[in-house]
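Novice: To be precise about what I am sending: the file is called work_12.pdb and holds PDB, C-alpha atoms.
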```pdb
ATOM      1  CA  MET A  14     -16.954 -30.306  -3.097
ATOM      2  CA  ALA A  15     -13.880 -31.134  -5.161
ATOM      3  CA  ILE A  16     -14.500 -28.067  -7.303
ATOM      4  CA  LYS A  17     -14.346 -25.739  -4.304
ATOM      5  CA  GLU A  18     -11.156 -27.320  -3.025
ATOM      6  CA  SER A  19      -9.618 -27.078  -6.486
ATOM      7  CA  SER A  20     -10.569 -23.384  -6.751
ATOM      8  CA  ARG A  21      -9.038 -22.590  -3.375
ATOM      9  CA  GLY A  22      -5.920 -24.529  -4.297
ATOM     10  CA  ASP A  23      -5.662 -22.598  -7.544
ATOM     11  CA  LEU A  24      -5.854 -19.294  -5.686
ATOM     12  CA  ARG A  25      -3.087 -20.390  -3.350
ATOM     13  CA  GLU A  26      -0.840 -20.949  -6.358
ATOM     14  CA  LEU A  27      -0.995 -17.297  -7.422
ATOM     15  CA  PRO A  28       2.122 -15.202  -6.689
ATOM     16  CA  TRP A  29       0.592 -13.222  -3.812
ATOM     17  CA  ALA A  30       3.804 -11.429  -2.829
ATOM     18  CA  THR A  31       4.145 -10.158  -6.403
ATOM     19  CA  ILE A  32       0.464  -9.214  -6.507
ATOM     20  CA  VAL A  33       0.819  -7.098  -3.374
ATOM     21  CA  ALA A  34       4.149  -5.614  -4.534
ATOM     22  CA  LEU A  35       2.655  -4.543  -7.875
ATOM     23  CA  GLY A  36      -0.380  -3.118  -6.066
ATOM     24  CA  VAL A  37       1.896  -1.083  -3.796
ATOM     25  CA  PHE A  38       4.010   0.059  -6.766
ATOM     26  CA  SER A  39       0.837   1.326  -8.429
ATOM     27  CA  LEU A  40       0.248   3.673  -5.489
ATOM     28  CA  LEU A  41       2.933   5.824  -7.092
ATOM     29  CA  ARG A  42       0.232   7.467  -9.193
ATOM     30  CA  PRO A  43      -2.020   8.679  -6.336
ATOM     31  CA  VAL A  44       0.990   9.529  -4.141
ATOM     32  CA  LEU A  45       2.338  11.830  -6.863
ATOM     33  CA  SER A  46      -1.099  13.431  -7.014
ATOM     34  CA  ILE A  47      -1.115  13.939  -3.247
ATOM     35  CA  VAL A  48       2.292  15.640  -3.258
ATOM     36  CA  GLY A  49       1.236  17.931  -6.121
ATOM     37  CA  ALA A  50       3.508  16.532  -8.846
ATOM     38  CA  TYR A  51       0.694  16.891 -11.391
ATOM     39  CA  ASP A  52       0.173  20.595 -10.655
ATOM     40  CA  GLY A  53       3.050  21.811 -12.826
ATOM     41  CA  GLY A  54       6.262  20.900 -14.588
ATOM     42  CA  PRO A  55       6.717  17.903 -16.866
ATOM     43  CA  LEU A  56       4.045  15.850 -15.072
ATOM     44  CA  LYS A  57       1.371  18.569 -15.281
ATOM     45  CA  LYS A  58      -2.135  17.207 -15.860
ATOM     46  CA  PRO A  59      -3.187  15.497 -18.096
ATOM     47  CA  VAL A  60       0.287  14.280 -19.141
ATOM     48  CA  GLY A  61       1.510  13.083 -15.733
ATOM     49  CA  PRO A  62      -1.396  10.820 -14.797
ATOM     50  CA  LEU A  63      -1.455   9.341 -18.307
ATOM     51  CA  VAL A  64       2.299   8.696 -18.312
ATOM     52  CA  LEU A  65       2.124   7.107 -14.864
ATOM     53  CA  THR A  66      -0.842   4.943 -15.859
ATOM     54  CA  ALA A  67       1.056   3.774 -18.953
ATOM     55  CA  LEU A  68       4.147   3.067 -16.834
ATOM     56  CA  ILE A  69       2.102   1.029 -14.361
ATOM     57  CA  ILE A  70       0.546  -0.988 -17.195
ATOM     58  CA  VAL A  71       3.976  -1.660 -18.718
ATOM     59  CA  VAL A  72       5.318  -2.779 -15.323
ATOM     60  CA  TRP A  73       2.329  -5.077 -14.719
ATOM     61  CA  ILE A  74       2.631  -6.719 -18.139
ATOM     62  CA  GLY A  75       6.420  -6.804 -17.883
ATOM     63  CA  ALA A  76       6.230  -8.561 -14.528
ATOM     64  CA  ALA A  77       3.877 -11.161 -16.009
ATOM     65  CA  LEU A  78       6.306 -11.761 -18.870
ATOM     66  CA  VAL A  79       9.503 -11.826 -16.802
ATOM     67  CA  ARG A  80       8.017 -13.981 -14.045
ATOM     68  CA  ARG A  81       6.098 -16.057 -16.611
ATOM     69  CA  PHE A  82       2.891 -16.103 -14.602
ATOM     70  CA  PRO A  83       1.081 -19.360 -15.390
ATOM     71  CA  ARG A  84      -2.253 -17.511 -15.023
ATOM     72  CA  PRO A  85      -1.558 -13.885 -16.019
ATOM     73  CA  VAL A  86      -5.200 -12.853 -16.434
ATOM     74  CA  GLU A  87      -6.196 -13.886 -12.917
ATOM     75  CA  THR A  88      -2.936 -12.666 -11.404
ATOM     76  CA  LEU A  89      -3.113  -9.190 -12.922
ATOM     77  CA  ALA A  90      -6.835  -8.941 -12.141
ATOM     78  CA  PHE A  91      -5.906  -9.494  -8.490
ATOM     79  CA  VAL A  92      -3.151  -6.874  -8.858
ATOM     80  CA  GLY A  93      -5.881  -4.460  -9.952
ATOM     81  CA  VAL A  94      -7.983  -5.409  -6.936
ATOM     82  CA  ALA A  95      -4.978  -4.965  -4.641
ATOM     83  CA  TYR A  96      -4.273  -1.531  -6.107
ATOM     84  CA  GLY A  97      -7.920  -0.460  -5.813
ATOM     85  CA  VAL A  98      -8.149  -1.550  -2.184
ATOM     86  CA  LEU A  99      -4.782   0.004  -1.295
ATOM     87  CA  ALA A 100      -5.734   3.287  -3.008
ATOM     88  CA  LEU A 101      -8.974   3.391  -1.023
ATOM     89  CA  LEU A 102      -7.110   2.666   2.212
ATOM     90  CA  LEU A 103      -4.631   5.430   1.376
ATOM     91  CA  ASN A 104      -7.500   7.834   0.789
ATOM     92  CA  ILE A 105      -9.209   6.845   4.039
ATOM     93  CA  SER A 106      -5.977   7.143   6.032
ATOM     94  CA  LEU A 107      -5.333  10.642   4.678
ATOM     95  CA  GLN A 108      -8.796  12.017   5.425
ATOM     96  CA  PRO A 109      -7.818  13.520   8.789
ATOM     97  CA  PHE A 110      -4.898  15.354   7.159
ATOM     98  CA  LEU A 111      -6.060  16.407   3.686
ATOM     99  CA  ASP A 112      -9.224  18.261   2.789
ATOM    100  CA  SER A 113      -9.040  16.800  -0.724
ATOM    101  CA  ALA A 114      -9.176  13.201   0.585
ATOM    102  CA  GLU A 115     -12.911  12.683   0.329
ATOM    103  CA  LEU A 116     -14.407   9.303   1.052
ATOM    104  CA  PRO A 117     -16.212   8.026  -2.032
ATOM    105  CA  PRO A 118     -19.658   6.502  -1.534
ATOM    106  CA  VAL A 119     -19.805   2.700  -1.304
ATOM    107  CA  PRO A 120     -20.882   2.277  -4.958
ATOM    108  CA  GLY A 121     -17.874   4.399  -5.917
ATOM    109  CA  MET A 122     -15.563   2.235  -3.825
ATOM    110  CA  ILE A 123     -16.904  -0.881  -5.490
ATOM    111  CA  ALA A 124     -16.501   0.738  -8.908
ATOM    112  CA  ILE A 125     -12.867   1.624  -8.161
ATOM    113  CA  VAL A 126     -12.039  -1.973  -7.269
ATOM    114  CA  VAL A 127     -14.016  -3.422 -10.206
ATOM    115  CA  PHE A 128     -12.505  -0.980 -12.723
ATOM    116  CA  ASN A 129      -8.963  -1.730 -11.565
ATOM    117  CA  ALA A 130      -9.654  -5.478 -11.616
ATOM    118  CA  ALA A 131     -10.908  -5.126 -15.190
ATOM    119  CA  GLN A 132      -7.835  -3.087 -16.123
ATOM    120  CA  GLY A 133      -5.654  -5.804 -14.611
ATOM    121  CA  ALA A 134      -7.541  -8.527 -16.487
ATOM    122  CA  VAL A 135      -7.045  -6.678 -19.789
ATOM    123  CA  CYS A 136      -3.339  -6.358 -18.999
ATOM    124  CA  GLY A 137      -3.347 -10.075 -18.198
ATOM    125  CA  LEU A 138      -4.917 -10.860 -21.581
ATOM    126  CA  ILE A 139      -2.187  -8.841 -23.283
ATOM    127  CA  ALA A 140       0.464 -10.642 -21.233
ATOM    128  CA  LEU A 141      -1.114 -14.010 -22.034
ATOM    129  CA  GLY A 142      -1.020 -13.222 -25.742
ATOM    130  CA  LEU A 143       2.610 -12.108 -25.522
ATOM    131  CA  LEU A 144       3.573 -15.194 -23.508
ATOM    132  CA  ARG A 145       1.943 -17.468 -26.084
ATOM    133  CA  TRP A 146       3.520 -15.549 -28.961
ATOM    134  CA  ARG A 147       6.939 -15.711 -27.293
ATOM    135  CA  SER A 148       6.692 -19.472 -26.689
ATOM    136  CA  ARG A 149       6.203 -20.226 -30.413
TER     137      ARG A 149
END
```
Here is the file; what I need is its structure written in the form of C-alpha cells.
Specialist:
Amino acid sequence: MAIKESSRGDLRELPWATIVALGVFSLLRPVLSIVGAYDGGPLKKPVGPLVLTALIIVVWIGAALVRRFPRPVETLAFVGVAYGVLALLLNISLQPFLDSAELPPVPGMIAIVVFNAAQGAVCGLIALGLLRWRSR
C-alpha cells in the first residue's frame, strides 16, 4: 500500500502546468500543417516539419534544463503524452470542418500517444545527461 501512495505522491510532484504548456506549444507543428505552411516557401515539406520537430525537441530539453526538472525523463515523457492527446483532440475537433482531418483507428491513436511518450522520454534522457554533466 505504501508503494502506491508513494507513486501517486511522486506524480503529484511533477510540474503539471509546464507539462501541459509544453504539450500545447508542440501543437505548433500540426497547426502549421493545417494552415498550409508546409505547402510552399521556406517551410515546404520535408524541411518545415523537420525544423519544427527539432525546435520542439530543443524547447522540451531546454525547459528541463532551465527549470531543472528533478525527474526529466518522466516529466518529458508526460509532455509527449500531453502532446499526443492534444494532437488527437485537435484532429477530432477539426473533423467537421476539414476533409483532411481523418480519425485514426484506435491502434493508431494509441501508437501516436506511445510514440510521443517515447520521444519525450528520450528527450528526458538527454536532459538528464546534460543536467548531470552541468552539475559536475
Novice: Considering only C-alpha atoms, state which residue in the set A:Ala90, A:Leu45, A:Ile125, A:Leu78 is at the smallest distance from A:Leu141.
Specialist: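 Distance minimum relative to A:Leu141 lands on A:Leu78.
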Novice: Would you translate the PyMOL selection byres ((chain A and resi 70) around 10) into the concrete set of residues it matches in this file, as a PyMOL selection string?
Specialist: chain A and resi 39+64-69+71-76+89+132-133+135-137
Novice: Using C-alpha atoms, can you write the selected residues to a file as a PDB file, in the coordinates of the input?
Specialist:
```pdb
ATOM      1  CA  SER A  39       0.837   1.326  -8.429  1.00  0.00           C
ATOM      2  CA  VAL A  64       2.299   8.696 -18.312  1.00  0.00           C
ATOM      3  CA  LEU A  65       2.124   7.107 -14.864  1.00  0.00           C
ATOM      4  CA  THR A  66      -0.842   4.943 -15.859  1.00  0.00           C
ATOM      5  CA  ALA A  67       1.056   3.774 -18.953  1.00  0.00           C
ATOM      6  CA  LEU A  68       4.147   3.067 -16.834  1.00  0.00           C
ATOM      7  CA  ILE A  69       2.102   1.029 -14.361  1.00  0.00           C
ATOM      8  CA  VAL A  71       3.976  -1.660 -18.718  1.00  0.00           C
ATOM      9  CA  VAL A  72       5.318  -2.779 -15.323  1.00  0.00           C
ATOM     10  CA  TRP A  73       2.329  -5.077 -14.719  1.00  0.00           C
ATOM     11  CA  ILE A  74       2.631  -6.719 -18.139  1.00  0.00           C
ATOM     12  CA  GLY A  75       6.420  -6.804 -17.883  1.00  0.00           C
ATOM     13  CA  ALA A  76       6.230  -8.561 -14.528  1.00  0.00           C
ATOM     14  CA  LEU A  89      -3.113  -9.190 -12.922  1.00  0.00           C
ATOM     15  CA  GLN A 132      -7.835  -3.087 -16.123  1.00  0.00           C
ATOM     16  CA  GLY A 133      -5.654  -5.804 -14.611  1.00  0.00           C
ATOM     17  CA  VAL A 135      -7.045  -6.678 -19.789  1.00  0.00           C
ATOM     18  CA  CYS A 136      -3.339  -6.358 -18.999  1.00  0.00           C
ATOM     19  CA  GLY A 137      -3.347 -10.075 -18.198  1.00  0.00           C
TER      20      GLY A 137
END
```
Novice: Name every residue that the PyMOL selection byres ((chain A and resi 41) around 12) selects in this structure, writing the answer as a PyMOL selection string with chains first and numbers rising.
Specialist: chain A and resi 34-40+42-48+50+61-62+64-66+68-69+96+99-100+103
Novice: Enclose stretch 20-34 of chain A, meaning all of its atoms listed in the file, in a box aligned along x, y and z, pad it by 6 Å on each side, and list the centre and edge lengths in Å to one decimal, as lines of an AutoDock Vina configuration file.
Specialist:
```
center_x = -3.2
center_y = -15.1
center_z = -5.2
size_x = 26.7
size_y = 30.9
size_z = 16.7
```
Novice: Atom CA of A:Val33 and atom CA of A:Gly93, how far apart in Å?
Specialist: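 Atom-to-atom, atom CA of A:Gly93 to atom CA of A:Val33, that is 9.8 Å.
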Novice: Record the distance separating atom CA of A:Glu87 and atom CA of A:Leu138, expressed in Å with one decimal.
Specialist: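 Separation between atom CA of A:Glu87 and atom CA of A:Leu138: 9.3 Å.
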Novice: Go through the shown structure with the PyMOL selection byres ((chain A and resi 126) around 8) and write out the matching residues as a tab-separated table (two decimals) with C-alpha atoms, in the frame of the given file.
Specialist:
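Final file, selection-v9.tsv:
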```tsv
chain	number	residue	atom	x	y	z
A	93	GLY	CA	-5.88	-4.46	-9.95
A	94	VAL	CA	-7.98	-5.41	-6.94
A	96	TYR	CA	-4.27	-1.53	-6.11
A	97	GLY	CA	-7.92	-0.46	-5.81
A	98	VAL	CA	-8.15	-1.55	-2.18
A	122	MET	CA	-15.56	2.24	-3.82
A	123	ILE	CA	-16.90	-0.88	-5.49
A	124	ALA	CA	-16.50	0.74	-8.91
A	125	ILE	CA	-12.87	1.62	-8.16
A	127	VAL	CA	-14.02	-3.42	-10.21
A	128	PHE	CA	-12.50	-0.98	-12.72
A	129	ASN	CA	-8.96	-1.73	-11.56
A	130	ALA	CA	-9.65	-5.48	-11.62
```
Novice: Could you pull stretch 82-118 of chain A out of the structure just shown and give N, CA, C and O atoms as a PDB file, in the first residue's frame?
Specialist:
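Writing done, so here's out.pdb:
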```pdb
ATOM      1  N   PHE A  82      14.262  20.207 -13.934  1.00  0.00           N
ATOM      2  CA  PHE A  82      13.311  19.172 -13.533  1.00  0.00           C
ATOM      3  C   PHE A  82      14.040  18.106 -12.715  1.00  0.00           C
ATOM      4  O   PHE A  82      15.054  17.579 -13.163  1.00  0.00           O
ATOM      5  N   PRO A  83      13.531  17.769 -11.532  1.00  0.00           N
ATOM      6  CA  PRO A  83      14.180  16.716 -10.755  1.00  0.00           C
ATOM      7  C   PRO A  83      14.037  15.337 -11.412  1.00  0.00           C
ATOM      8  O   PRO A  83      14.848  14.464 -11.208  1.00  0.00           O
ATOM      9  N   ARG A  84      12.996  15.157 -12.219  1.00  0.00           N
ATOM     10  CA  ARG A  84      12.751  13.889 -12.907  1.00  0.00           C
ATOM     11  C   ARG A  84      12.472  14.179 -14.387  1.00  0.00           C
ATOM     12  O   ARG A  84      11.344  14.055 -14.853  1.00  0.00           O
ATOM     13  N   PRO A  85      13.500  14.544 -15.150  1.00  0.00           N
ATOM     14  CA  PRO A  85      13.272  14.966 -16.539  1.00  0.00           C
ATOM     15  C   PRO A  85      12.739  13.863 -17.455  1.00  0.00           C
ATOM     16  O   PRO A  85      11.964  14.154 -18.363  1.00  0.00           O
ATOM     17  N   VAL A  86      13.123  12.621 -17.209  1.00  0.00           N
ATOM     18  CA  VAL A  86      12.655  11.543 -18.090  1.00  0.00           C
ATOM     19  C   VAL A  86      11.143  11.388 -17.967  1.00  0.00           C
ATOM     20  O   VAL A  86      10.420  11.386 -18.970  1.00  0.00           O
ATOM     21  N   GLU A  87      10.660  11.278 -16.737  1.00  0.00           N
ATOM     22  CA  GLU A  87       9.221  11.129 -16.519  1.00  0.00           C
ATOM     23  C   GLU A  87       8.466  12.372 -16.967  1.00  0.00           C
ATOM     24  O   GLU A  87       7.419  12.271 -17.608  1.00  0.00           O
ATOM     25  N   THR A  88       9.011  13.540 -16.644  1.00  0.00           N
ATOM     26  CA  THR A  88       8.328  14.787 -16.989  1.00  0.00           C
ATOM     27  C   THR A  88       8.173  14.926 -18.493  1.00  0.00           C
ATOM     28  O   THR A  88       7.073  15.211 -18.997  1.00  0.00           O
ATOM     29  N   LEU A  89       9.261  14.724 -19.235  1.00  0.00           N
ATOM     30  CA  LEU A  89       9.172  14.892 -20.690  1.00  0.00           C
ATOM     31  C   LEU A  89       8.405  13.749 -21.349  1.00  0.00           C
ATOM     32  O   LEU A  89       7.789  13.950 -22.400  1.00  0.00           O
ATOM     33  N   ALA A  90       8.383  12.576 -20.731  1.00  0.00           N
ATOM     34  CA  ALA A  90       7.518  11.505 -21.255  1.00  0.00           C
ATOM     35  C   ALA A  90       6.056  11.938 -21.147  1.00  0.00           C
ATOM     36  O   ALA A  90       5.271  11.741 -22.085  1.00  0.00           O
ATOM     37  N   PHE A  91       5.696  12.555 -20.024  1.00  0.00           N
ATOM     38  CA  PHE A  91       4.325  13.056 -19.878  1.00  0.00           C
ATOM     39  C   PHE A  91       4.049  14.228 -20.818  1.00  0.00           C
ATOM     40  O   PHE A  91       2.915  14.411 -21.261  1.00  0.00           O
ATOM     41  N   VAL A  92       5.064  15.023 -21.139  1.00  0.00           N
ATOM     42  CA  VAL A  92       4.888  16.078 -22.145  1.00  0.00           C
ATOM     43  C   VAL A  92       4.532  15.434 -23.479  1.00  0.00           C
ATOM     44  O   VAL A  92       3.631  15.896 -24.184  1.00  0.00           O
ATOM     45  N   GLY A  93       5.221  14.351 -23.821  1.00  0.00           N
ATOM     46  CA  GLY A  93       4.907  13.629 -25.056  1.00  0.00           C
ATOM     47  C   GLY A  93       3.486  13.087 -25.055  1.00  0.00           C
ATOM     48  O   GLY A  93       2.776  13.172 -26.060  1.00  0.00           O
ATOM     49  N   VAL A  94       3.057  12.549 -23.923  1.00  0.00           N
ATOM     50  CA  VAL A  94       1.682  12.060 -23.808  1.00  0.00           C
ATOM     51  C   VAL A  94       0.697  13.216 -23.976  1.00  0.00           C
ATOM     52  O   VAL A  94      -0.292  13.098 -24.708  1.00  0.00           O
ATOM     53  N   ALA A  95       0.991  14.333 -23.302  1.00  0.00           N
ATOM     54  CA  ALA A  95       0.107  15.502 -23.402  1.00  0.00           C
ATOM     55  C   ALA A  95      -0.002  15.962 -24.857  1.00  0.00           C
ATOM     56  O   ALA A  95      -1.107  16.223 -25.347  1.00  0.00           O
ATOM     57  N   TYR A  96       1.136  16.040 -25.531  1.00  0.00           N
ATOM     58  CA  TYR A  96       1.113  16.461 -26.939  1.00  0.00           C
ATOM     59  C   TYR A  96       0.312  15.476 -27.786  1.00  0.00           C
ATOM     60  O   TYR A  96      -0.520  15.885 -28.601  1.00  0.00           O
ATOM     61  N   GLY A  97       0.539  14.179 -27.601  1.00  0.00           N
ATOM     62  CA  GLY A  97      -0.191  13.185 -28.389  1.00  0.00           C
ATOM     63  C   GLY A  97      -1.693  13.283 -28.189  1.00  0.00           C
ATOM     64  O   GLY A  97      -2.464  13.269 -29.148  1.00  0.00           O
ATOM     65  N   VAL A  98      -2.111  13.416 -26.947  1.00  0.00           N
ATOM     66  CA  VAL A  98      -3.545  13.524 -26.642  1.00  0.00           C
ATOM     67  C   VAL A  98      -4.112  14.822 -27.208  1.00  0.00           C
ATOM     68  O   VAL A  98      -5.188  14.830 -27.836  1.00  0.00           O
ATOM     69  N   LEU A  99      -3.383  15.924 -27.028  1.00  0.00           N
ATOM     70  CA  LEU A  99      -3.870  17.214 -27.546  1.00  0.00           C
ATOM     71  C   LEU A  99      -3.935  17.205 -29.075  1.00  0.00           C
ATOM     72  O   LEU A  99      -4.876  17.752 -29.661  1.00  0.00           O
ATOM     73  N   ALA A 100      -2.967  16.584 -29.730  1.00  0.00           N
ATOM     74  CA  ALA A 100      -2.987  16.499 -31.197  1.00  0.00           C
ATOM     75  C   ALA A 100      -4.186  15.677 -31.669  1.00  0.00           C
ATOM     76  O   ALA A 100      -4.851  16.035 -32.653  1.00  0.00           O
ATOM     77  N   LEU A 101      -4.483  14.597 -30.971  1.00  0.00           N
ATOM     78  CA  LEU A 101      -5.660  13.799 -31.322  1.00  0.00           C
ATOM     79  C   LEU A 101      -6.944  14.586 -31.107  1.00  0.00           C
ATOM     80  O   LEU A 101      -7.857  14.548 -31.946  1.00  0.00           O
ATOM     81  N   LEU A 102      -7.017  15.308 -29.996  1.00  0.00           N
ATOM     82  CA  LEU A 102      -8.210  16.137 -29.740  1.00  0.00           C
ATOM     83  C   LEU A 102      -8.357  17.231 -30.793  1.00  0.00           C
ATOM     84  O   LEU A 102      -9.479  17.532 -31.226  1.00  0.00           O
ATOM     85  N   LEU A 103      -7.245  17.819 -31.206  1.00  0.00           N
ATOM     86  CA  LEU A 103      -7.285  18.822 -32.274  1.00  0.00           C
ATOM     87  C   LEU A 103      -7.822  18.204 -33.556  1.00  0.00           C
ATOM     88  O   LEU A 103      -8.704  18.772 -34.212  1.00  0.00           O
ATOM     89  N   ASN A 104      -7.326  17.033 -33.894  1.00  0.00           N
ATOM     90  CA  ASN A 104      -7.784  16.341 -35.094  1.00  0.00           C
ATOM     91  C   ASN A 104      -9.274  16.042 -35.010  1.00  0.00           C
ATOM     92  O   ASN A 104     -10.021  16.287 -35.960  1.00  0.00           O
ATOM     93  N   ILE A 105      -9.713  15.530 -33.878  1.00  0.00           N
ATOM     94  CA  ILE A 105     -11.134  15.192 -33.710  1.00  0.00           C
ATOM     95  C   ILE A 105     -12.005  16.446 -33.793  1.00  0.00           C
ATOM     96  O   ILE A 105     -13.062  16.440 -34.426  1.00  0.00           O
ATOM     97  N   SER A 106     -11.540  17.537 -33.192  1.00  0.00           N
ATOM     98  CA  SER A 106     -12.343  18.767 -33.193  1.00  0.00           C
ATOM     99  C   SER A 106     -12.430  19.400 -34.581  1.00  0.00           C
ATOM    100  O   SER A 106     -13.378  20.131 -34.867  1.00  0.00           O
ATOM    101  N   LEU A 107     -11.462  19.113 -35.431  1.00  0.00           N
ATOM    102  CA  LEU A 107     -11.469  19.700 -36.779  1.00  0.00           C
ATOM    103  C   LEU A 107     -12.178  18.838 -37.819  1.00  0.00           C
ATOM    104  O   LEU A 107     -12.378  19.278 -38.945  1.00  0.00           O
ATOM    105  N   GLN A 108     -12.564  17.641 -37.452  1.00  0.00           N
ATOM    106  CA  GLN A 108     -13.215  16.746 -38.411  1.00  0.00           C
ATOM    107  C   GLN A 108     -14.436  17.344 -39.093  1.00  0.00           C
ATOM    108  O   GLN A 108     -14.600  17.163 -40.296  1.00  0.00           O
ATOM    109  N   PRO A 109     -15.299  18.068 -38.389  1.00  0.00           N
ATOM    110  CA  PRO A 109     -16.460  18.631 -39.083  1.00  0.00           C
ATOM    111  C   PRO A 109     -16.093  19.719 -40.102  1.00  0.00           C
ATOM    112  O   PRO A 109     -16.885  20.034 -40.971  1.00  0.00           O
ATOM    113  N   PHE A 110     -14.887  20.277 -39.993  1.00  0.00           N
ATOM    114  CA  PHE A 110     -14.520  21.422 -40.813  1.00  0.00           C
ATOM    115  C   PHE A 110     -13.501  21.112 -41.903  1.00  0.00           C
ATOM    116  O   PHE A 110     -13.437  21.816 -42.903  1.00  0.00           O
ATOM    117  N   LEU A 111     -12.687  20.092 -41.707  1.00  0.00           N
ATOM    118  CA  LEU A 111     -11.632  19.767 -42.670  1.00  0.00           C
ATOM    119  C   LEU A 111     -11.776  18.335 -43.172  1.00  0.00           C
ATOM    120  O   LEU A 111     -11.873  17.398 -42.374  1.00  0.00           O
ATOM    121  N   ASP A 112     -11.749  18.191 -44.488  1.00  0.00           N
ATOM    122  CA  ASP A 112     -11.811  16.846 -45.054  1.00  0.00           C
ATOM    123  C   ASP A 112     -10.553  16.048 -44.731  1.00  0.00           C
ATOM    124  O   ASP A 112     -10.587  14.827 -44.649  1.00  0.00           O
ATOM    125  N   SER A 113      -9.423  16.737 -44.556  1.00  0.00           N
ATOM    126  CA  SER A 113      -8.161  16.058 -44.304  1.00  0.00           C
ATOM    127  C   SER A 113      -8.021  15.585 -42.855  1.00  0.00           C
ATOM    128  O   SER A 113      -7.096  14.843 -42.543  1.00  0.00           O
ATOM    129  N   ALA A 114      -8.925  15.991 -41.983  1.00  0.00           N
ATOM    130  CA  ALA A 114      -8.857  15.588 -40.565  1.00  0.00           C
ATOM    131  C   ALA A 114      -9.554  14.254 -40.385  1.00  0.00           C
ATOM    132  O   ALA A 114     -10.708  14.177 -40.003  1.00  0.00           O
ATOM    133  N   GLU A 115      -8.828  13.189 -40.708  1.00  0.00           N
ATOM    134  CA  GLU A 115      -9.395  11.847 -40.590  1.00  0.00           C
ATOM    135  C   GLU A 115      -9.090  11.277 -39.214  1.00  0.00           C
ATOM    136  O   GLU A 115      -7.991  11.438 -38.689  1.00  0.00           O
ATOM    137  N   LEU A 116     -10.050  10.609 -38.656  1.00  0.00           N
ATOM    138  CA  LEU A 116      -9.881   9.982 -37.354  1.00  0.00           C
ATOM    139  C   LEU A 116      -9.058   8.707 -37.514  1.00  0.00           C
ATOM    140  O   LEU A 116      -9.447   7.808 -38.255  1.00  0.00           O
ATOM    141  N   PRO A 117      -7.909   8.639 -36.852  1.00  0.00           N
ATOM    142  CA  PRO A 117      -7.135   7.395 -36.953  1.00  0.00           C
ATOM    143  C   PRO A 117      -7.835   6.278 -36.186  1.00  0.00           C
ATOM    144  O   PRO A 117      -8.588   6.539 -35.238  1.00  0.00           O
ATOM    145  N   PRO A 118      -7.577   5.030 -36.574  1.00  0.00           N
ATOM    146  CA  PRO A 118      -8.162   3.918 -35.814  1.00  0.00           C
ATOM    147  C   PRO A 118      -7.559   3.895 -34.405  1.00  0.00           C
ATOM    148  O   PRO A 118      -6.506   4.477 -34.154  1.00  0.00           O
TER     149      PRO A 118
END
```
